[in-house]
Amino acid sequence: MEGDILIIEEHHKKVARQIVKMISDKIRDCKGKFIMTVAGESGSGKSETAASIANELATRGVNCYIFQQDDYFIYPPKTNTKKRGKDIHWVGANEVKLDLLDEQLKRIKQGENNIVKPLVIFKDDKITEEVVNLSDYQAVIAEGTYTTLLHNVDIHIFIDRDLHDTLEARRKRNREKQDEFLEKVLTIEHDIISPQKQNADIIITKDYRAVFNQKNKP
């Protein structure tokens with residue numbers, strides 16, 4: 001999403017180093033592009049963690065492209081917020097073209113390098129398109145609240161921080177007005193997103209440690 005502001009802190013870099021160490025062998029052994037997701041609730045640090053993982057991989061000679069779920073919303077940010085205001089039940093995975101993102105990840109897995117993807121222009125509240133050439137990339141990250149639901153993925157990473165844990169980060173980001181309506185939205189998202197943790201391969205704990213989910217250890 002054009003106009004997104006990242007606040008990368010040391011804990012993002014630290015957990016990225018842990019994750020890259022955990023998955024480096026799998027990336028090396030992957031015959032095609034290695035695809036991972038970074039999911040979690042709003043303000044949990046998904047974008048910062050994804051960027052930190054990509055930066056850490058770059059130090060090891062692995063180029064990594066990041067797909068943001070925010071680009072795949074049906075409506076641009078301000079319009080989507082208005083739609084939520086008219087119908088709070090609009091909040092959820094149905095707001096996002098997850099099927100399109102999943103299909104594009106599948107095509108990447110099959111060796112396609114040129115992807116025409118949506119691009120959100122935040123300040124203009126509009127959605128346009130861009131062509132992404134992945135020829136020089138060995139890994140891909142899809143980051144966003146619901147990306148654990150994607151299927152064409154090698155590793156799912158989940159940040160285990162809820163709306164109470166993320167309050168300070170959301171204030172720093174200052175993207176949305178922190179009011180009662182937002183709390184309702186975040187509560188609905190929490191009820192949808194938190195159960196998805198059980199389907200992740202790697203969980204980032206509240207104190208920023210990366211651990212394998214023993215239930216789904218790859």
# chains A, B, ... in the order shown; residues from 1 in each chain; ligands from 1
call {"tool": "residues_around", "arguments": {"residues": "A:His12", "least_positions_apart": "6", "cutoff": "10 Å", "atoms": "only C-alpha atoms", "output": "PyMOL selection string"}}
result
chain A and resi 45-53+208-209
call {"tool": "select_by_dssp", "arguments": {"residues": "stretch 13-87 of chain A", "states": "strand (DSSP E or B)", "output": "JSON, numbers by chain"}}
result
{"A": [34, 35, 36, 37, 38, 39, 40, 64, 65, 66, 67, 68, 73]}
call {"tool": "select_by_dssp", "arguments": {"residues": "stretch 1-195 of chain A", "states": "helix (DSSP H, G or I)", "output": "ChimeraX atom specification"}}
result
/A:10-29,46-59,69-72,77-86,88-90,93-95,98-109,147-149,167-173,180-195
call {"tool": "closest_residue", "arguments": {"among": "A:Lys33, A:Lys21, A:His190, A:Lys82", "to": "A:Asn113", "atoms": "only C-alpha atoms"}}
result
A:Lys33
call {"tool": "closest_atom_pairs", "arguments": {"of": "stretch 25-143 of chain A", "to": "stretch 193-201 of chain A", "cutoff": "10 Å", "atoms": "only C-alpha atoms", "output": "JSON lines"}}
result
{"residue": "A:Met36", "atom": "CA", "partner": "A:Asp201", "partner_atom": "CA", "distance": 9.9}
{"residue": "A:Thr37", "atom": "CA", "partner": "A:Ala200", "partner_atom": "CA", "distance": 9.2}
{"residue": "A:Val38", "atom": "CA", "partner": "A:Ala200", "partner_atom": "CA", "distance": 9.4}
{"residue": "A:Ala39", "atom": "CA", "partner": "A:Ile193", "partner_atom": "CA", "distance": 8.6}
{"residue": "A:Gly40", "atom": "CA", "partner": "A:Ile193", "partner_atom": "CA", "distance": 6.9}
{"residue": "A:Glu41", "atom": "CA", "partner": "A:Ile193", "partner_atom": "CA", "distance": 6.7}
{"residue": "A:Ser42", "atom": "CA", "partner": "A:Ile193", "partner_atom": "CA", "distance": 9.9}
{"residue": "A:Gly92", "atom": "CA", "partner": "A:Ile193", "partner_atom": "CA", "distance": 9.0}
{"residue": "A:Ala93", "atom": "CA", "partner": "A:Ile193", "partner_atom": "CA", "distance": 9.3}
call {"tool": "closest_residue", "arguments": {"among": "A:Thr79, A:Thr147, A:Thr128, A:Asn152", "to": "A:Gln110", "atoms": "only C-alpha atoms"}}
result
A:Asn152
call {"tool": "closest_residue", "arguments": {"among": "A:Gly43, A:Thr187, A:Asp125, A:Lys206", "to": "A:Thr81", "atoms": "only C-alpha atoms"}}
result
A:Asp125
call {"tool": "residues_around", "arguments": {"residues": "A:Arg17", "least_positions_apart": "2", "cutoff": "10 Å", "atoms": "only C-alpha atoms", "output": "MDAnalysis selection string"}}
result
chainID A and resid 11:15 19:22 52:53 55:57 210
call {"tool": "write_last_selection", "arguments": {"atoms": "N, CA and C atoms", "output": "PDB file, in the first residue's frame"}}
result
ATOM      1  N   HIS A  11      12.917  -5.122  18.452  1.00  0.00           N
ATOM      2  CA  HIS A  11      12.272  -6.425  18.674  1.00  0.00           C
ATOM      3  C   HIS A  11      11.793  -7.042  17.362  1.00  0.00           C
ATOM      4  N   HIS A  12      11.450  -6.191  16.371  1.00  0.00           N
ATOM      5  CA  HIS A  12      11.077  -6.724  15.057  1.00  0.00           C
ATOM      6  C   HIS A  12      12.294  -7.369  14.388  1.00  0.00           C
ATOM      7  N   LYS A  13      13.430  -6.703  14.490  1.00  0.00           N
ATOM      8  CA  LYS A  13      14.663  -7.222  13.894  1.00  0.00           C
ATOM      9  C   LYS A  13      15.107  -8.513  14.596  1.00  0.00           C
ATOM     10  N   LYS A  14      14.977  -8.529  15.914  1.00  0.00           N
ATOM     11  CA  LYS A  14      15.398  -9.695  16.691  1.00  0.00           C
ATOM     12  C   LYS A  14      14.591 -10.928  16.317  1.00  0.00           C
ATOM     13  N   VAL A  15      13.259 -10.778  16.260  1.00  0.00           N
ATOM     14  CA  VAL A  15      12.419 -11.935  15.954  1.00  0.00           C
ATOM     15  C   VAL A  15      12.597 -12.355  14.494  1.00  0.00           C
ATOM     16  N   ILE A  19      13.418 -16.095  13.098  1.00  0.00           N
ATOM     17  CA  ILE A  19      12.597 -16.767  12.089  1.00  0.00           C
ATOM     18  C   ILE A  19      13.438 -17.211  10.898  1.00  0.00           C
ATOM     19  N   VAL A  20      14.309 -16.330  10.426  1.00  0.00           N
ATOM     20  CA  VAL A  20      15.147 -16.683   9.274  1.00  0.00           C
ATOM     21  C   VAL A  20      16.037 -17.870   9.607  1.00  0.00           C
ATOM     22  N   LYS A  21      16.534 -17.926  10.810  1.00  0.00           N
ATOM     23  CA  LYS A  21      17.339 -19.071  11.229  1.00  0.00           C
ATOM     24  C   LYS A  21      16.503 -20.353  11.220  1.00  0.00           C
ATOM     25  N   MET A  22      15.238 -20.238  11.600  1.00  0.00           N
ATOM     26  CA  MET A  22      14.341 -21.397  11.666  1.00  0.00           C
ATOM     27  C   MET A  22      13.970 -21.930  10.281  1.00  0.00           C
ATOM     28  N   SER A  52      11.231  -6.719   8.260  1.00  0.00           N
ATOM     29  CA  SER A  52      12.446  -7.131   8.974  1.00  0.00           C
ATOM     30  C   SER A  52      12.919  -8.500   8.504  1.00  0.00           C
ATOM     31  N   ILE A  53      11.980  -9.408   8.233  1.00  0.00           N
ATOM     32  CA  ILE A  53      12.345 -10.724   7.702  1.00  0.00           C
ATOM     33  C   ILE A  53      12.985 -10.565   6.325  1.00  0.00           C
ATOM     34  N   ASN A  55      14.527  -7.963   5.159  1.00  0.00           N
ATOM     35  CA  ASN A  55      15.848  -7.340   5.328  1.00  0.00           C
ATOM     36  C   ASN A  55      16.879  -8.358   5.804  1.00  0.00           C
ATOM     37  N   GLU A  56      16.465  -9.229   6.724  1.00  0.00           N
ATOM     38  CA  GLU A  56      17.386 -10.250   7.235  1.00  0.00           C
ATOM     39  C   GLU A  56      17.736 -11.255   6.138  1.00  0.00           C
ATOM     40  N   LEU A  57      16.751 -11.625   5.332  1.00  0.00           N
ATOM     41  CA  LEU A  57      17.025 -12.534   4.219  1.00  0.00           C
ATOM     42  C   LEU A  57      17.990 -11.896   3.222  1.00  0.00           C
ATOM     43  N   ALA A 210      10.143 -16.198  18.582  1.00  0.00           N
ATOM     44  CA  ALA A 210       9.580 -17.056  17.530  1.00  0.00           C
ATOM     45  C   ALA A 210       9.706 -18.505  17.955  1.00  0.00           C
TER      46      ALA A 210
END
call {"tool": "residues_around", "arguments": {"residues": "A:Lys106", "least_positions_apart": "5", "cutoff": "9 Å", "atoms": "only C-alpha atoms", "output": "list in words"}}
result
Leu101, Gly111, Glu112, His151, Asn152 and Val153 of chain A
call {"tool": "write_last_selection", "arguments": {"atoms": "C-alpha atoms", "output": "compact mmCIF listing (two decimals), in the first residue's frame"}}
result
# COMPACT_ATOMS: atom_id res chain seq x y z
CA LEU A 101 -4.18 -13.14 -3.53
CA GLY A 111 6.72 -20.32 -11.88
CA GLU A 112 4.94 -17.19 -13.10
CA HIS A 151 -3.41 -22.05 1.04
CA ASN A 152 -0.56 -21.67 -1.46
CA VAL A 153 2.02 -21.10 1.24
call {"tool": "closest_residue", "arguments": {"among": "A:Asn133, A:Asn213, A:Gln138, A:Asn80", "to": "A:Gly32", "atoms": "only C-alpha atoms"}}
result
A:Gln138
call {"tool": "atom_distance", "arguments": {"atom1": "atom CA of A:Phe122", "atom2": "atom CA of A:Lys109"}}
result
29.2 Å
call {"tool": "closest_residue", "arguments": {"among": "A:Ile35, A:Ile108, A:Ile23, A:Met1", "to": "A:Phe212", "atoms": "only C-alpha atoms"}}
result
A:Ile23
call {"tool": "residues_around", "arguments": {"residues": "A:Val211", "least_positions_apart": "3", "cutoff": "7 Å", "atoms": "only C-alpha atoms", "output": "MDAnalysis selection string"}}
result
chainID A and resid 202:204
call {"tool": "write_last_selection", "arguments": {"atoms": "C-alpha atoms", "output": "compact mmCIF listing (two decimals), in the first residue's frame"}}
result
# COMPACT_ATOMS: atom_id res chain seq x y z
CA ILE A 202 5.53 -20.41 13.68
CA ILE A 203 4.11 -18.25 16.47
CA ILE A 204 5.61 -14.96 17.61
call {"tool": "atom_distance", "arguments": {"atom1": "atom CA of A:Gln104", "atom2": "atom CA of A:Val116"}}
result
8.7 Å
call {"tool": "decode", "arguments": {"residues": "stretch 110-130 of chain A", "atoms": "N, CA and C atoms", "output": "mmCIF file, in the first residue's frame"}}
result
data_model
loop_
_atom_site.group_PDB
_atom_site.id
_atom_site.type_symbol
_atom_site.label_atom_id
_atom_site.label_comp_id
_atom_site.auth_asym_id
_atom_site.auth_seq_id
_atom_site.Cartn_x
_atom_site.Cartn_y
_atom_site.Cartn_z
ATOM 1 N N GLN A 110 3.798 -21.812 -9.354
ATOM 2 C CA GLN A 110 3.891 -22.526 -10.620
ATOM 3 C C GLN A 110 4.950 -21.944 -11.555
ATOM 4 N N GLY A 111 5.613 -20.875 -11.107
ATOM 5 C CA GLY A 111 6.723 -20.319 -11.877
ATOM 6 C C GLY A 111 6.449 -19.016 -12.591
ATOM 7 N N GLU A 112 5.243 -18.461 -12.430
ATOM 8 C CA GLU A 112 4.941 -17.190 -13.100
ATOM 9 C C GLU A 112 5.645 -16.051 -12.375
ATOM 10 N N ASN A 113 6.256 -15.157 -13.114
ATOM 11 C CA ASN A 113 7.016 -14.057 -12.512
ATOM 12 C C ASN A 113 6.347 -12.696 -12.637
ATOM 13 N N ASN A 114 5.503 -12.510 -13.630
ATOM 14 C CA ASN A 114 4.840 -11.221 -13.813
ATOM 15 C C ASN A 114 3.418 -11.276 -13.260
ATOM 16 N N ILE A 115 3.185 -10.510 -12.208
ATOM 17 C CA ILE A 115 1.898 -10.508 -11.531
ATOM 18 C C ILE A 115 1.301 -9.104 -11.577
ATOM 19 N N VAL A 116 0.059 -9.000 -12.040
ATOM 20 C CA VAL A 116 -0.663 -7.731 -12.010
ATOM 21 C C VAL A 116 -1.497 -7.703 -10.740
ATOM 22 N N LYS A 117 -1.101 -6.881 -9.799
ATOM 23 C CA LYS A 117 -1.751 -6.860 -8.496
ATOM 24 C C LYS A 117 -2.381 -5.497 -8.209
ATOM 25 N N PRO A 118 -3.385 -5.462 -7.335
ATOM 26 C CA PRO A 118 -3.948 -4.171 -6.936
ATOM 27 C C PRO A 118 -2.957 -3.389 -6.078
ATOM 28 N N LEU A 119 -3.095 -2.078 -6.085
ATOM 29 C CA LEU A 119 -2.257 -1.203 -5.268
ATOM 30 C C LEU A 119 -3.130 -0.094 -4.688
ATOM 31 N N VAL A 120 -3.165 -0.013 -3.371
ATOM 32 C CA VAL A 120 -3.934 1.027 -2.692
ATOM 33 C C VAL A 120 -3.095 2.295 -2.562
ATOM 34 N N ILE A 121 -3.673 3.423 -2.960
ATOM 35 C CA ILE A 121 -3.064 4.735 -2.743
ATOM 36 C C ILE A 121 -3.797 5.342 -1.546
ATOM 37 N N PHE A 122 -3.178 5.278 -0.380
ATOM 38 C CA PHE A 122 -3.872 5.619 0.865
ATOM 39 C C PHE A 122 -4.385 7.054 0.873
ATOM 40 N N LYS A 123 -3.516 8.015 0.525
ATOM 41 C CA LYS A 123 -3.900 9.430 0.641
ATOM 42 C C LYS A 123 -5.025 9.797 -0.318
ATOM 43 N N ASP A 124 -5.119 9.102 -1.442
ATOM 44 C CA ASP A 124 -6.166 9.384 -2.434
ATOM 45 C C ASP A 124 -7.391 8.498 -2.258
ATOM 46 N N ASP A 125 -7.298 7.535 -1.330
ATOM 47 C CA ASP A 125 -8.393 6.587 -1.081
ATOM 48 C C ASP A 125 -8.846 5.928 -2.382
ATOM 49 N N LYS A 126 -7.890 5.396 -3.111
ATOM 50 C CA LYS A 126 -8.237 4.721 -4.358
ATOM 51 C C LYS A 126 -7.386 3.471 -4.529
ATOM 52 N N ILE A 127 -7.840 2.603 -5.421
ATOM 53 C CA ILE A 127 -7.121 1.372 -5.729
ATOM 54 C C ILE A 127 -6.792 1.368 -7.209
ATOM 55 N N THR A 128 -5.518 1.197 -7.519
ATOM 56 C CA THR A 128 -5.073 1.094 -8.897
ATOM 57 C C THR A 128 -4.399 -0.262 -9.085
ATOM 58 N N GLU A 129 -3.559 -0.408 -10.087
ATOM 59 C CA GLU A 129 -2.854 -1.672 -10.333
ATOM 60 C C GLU A 129 -1.373 -1.408 -10.550
ATOM 61 N N GLU A 130 -0.589 -2.433 -10.315
ATOM 62 C CA GLU A 130 0.831 -2.380 -10.650
ATOM 63 C C GLU A 130 1.267 -3.760 -11.120
#
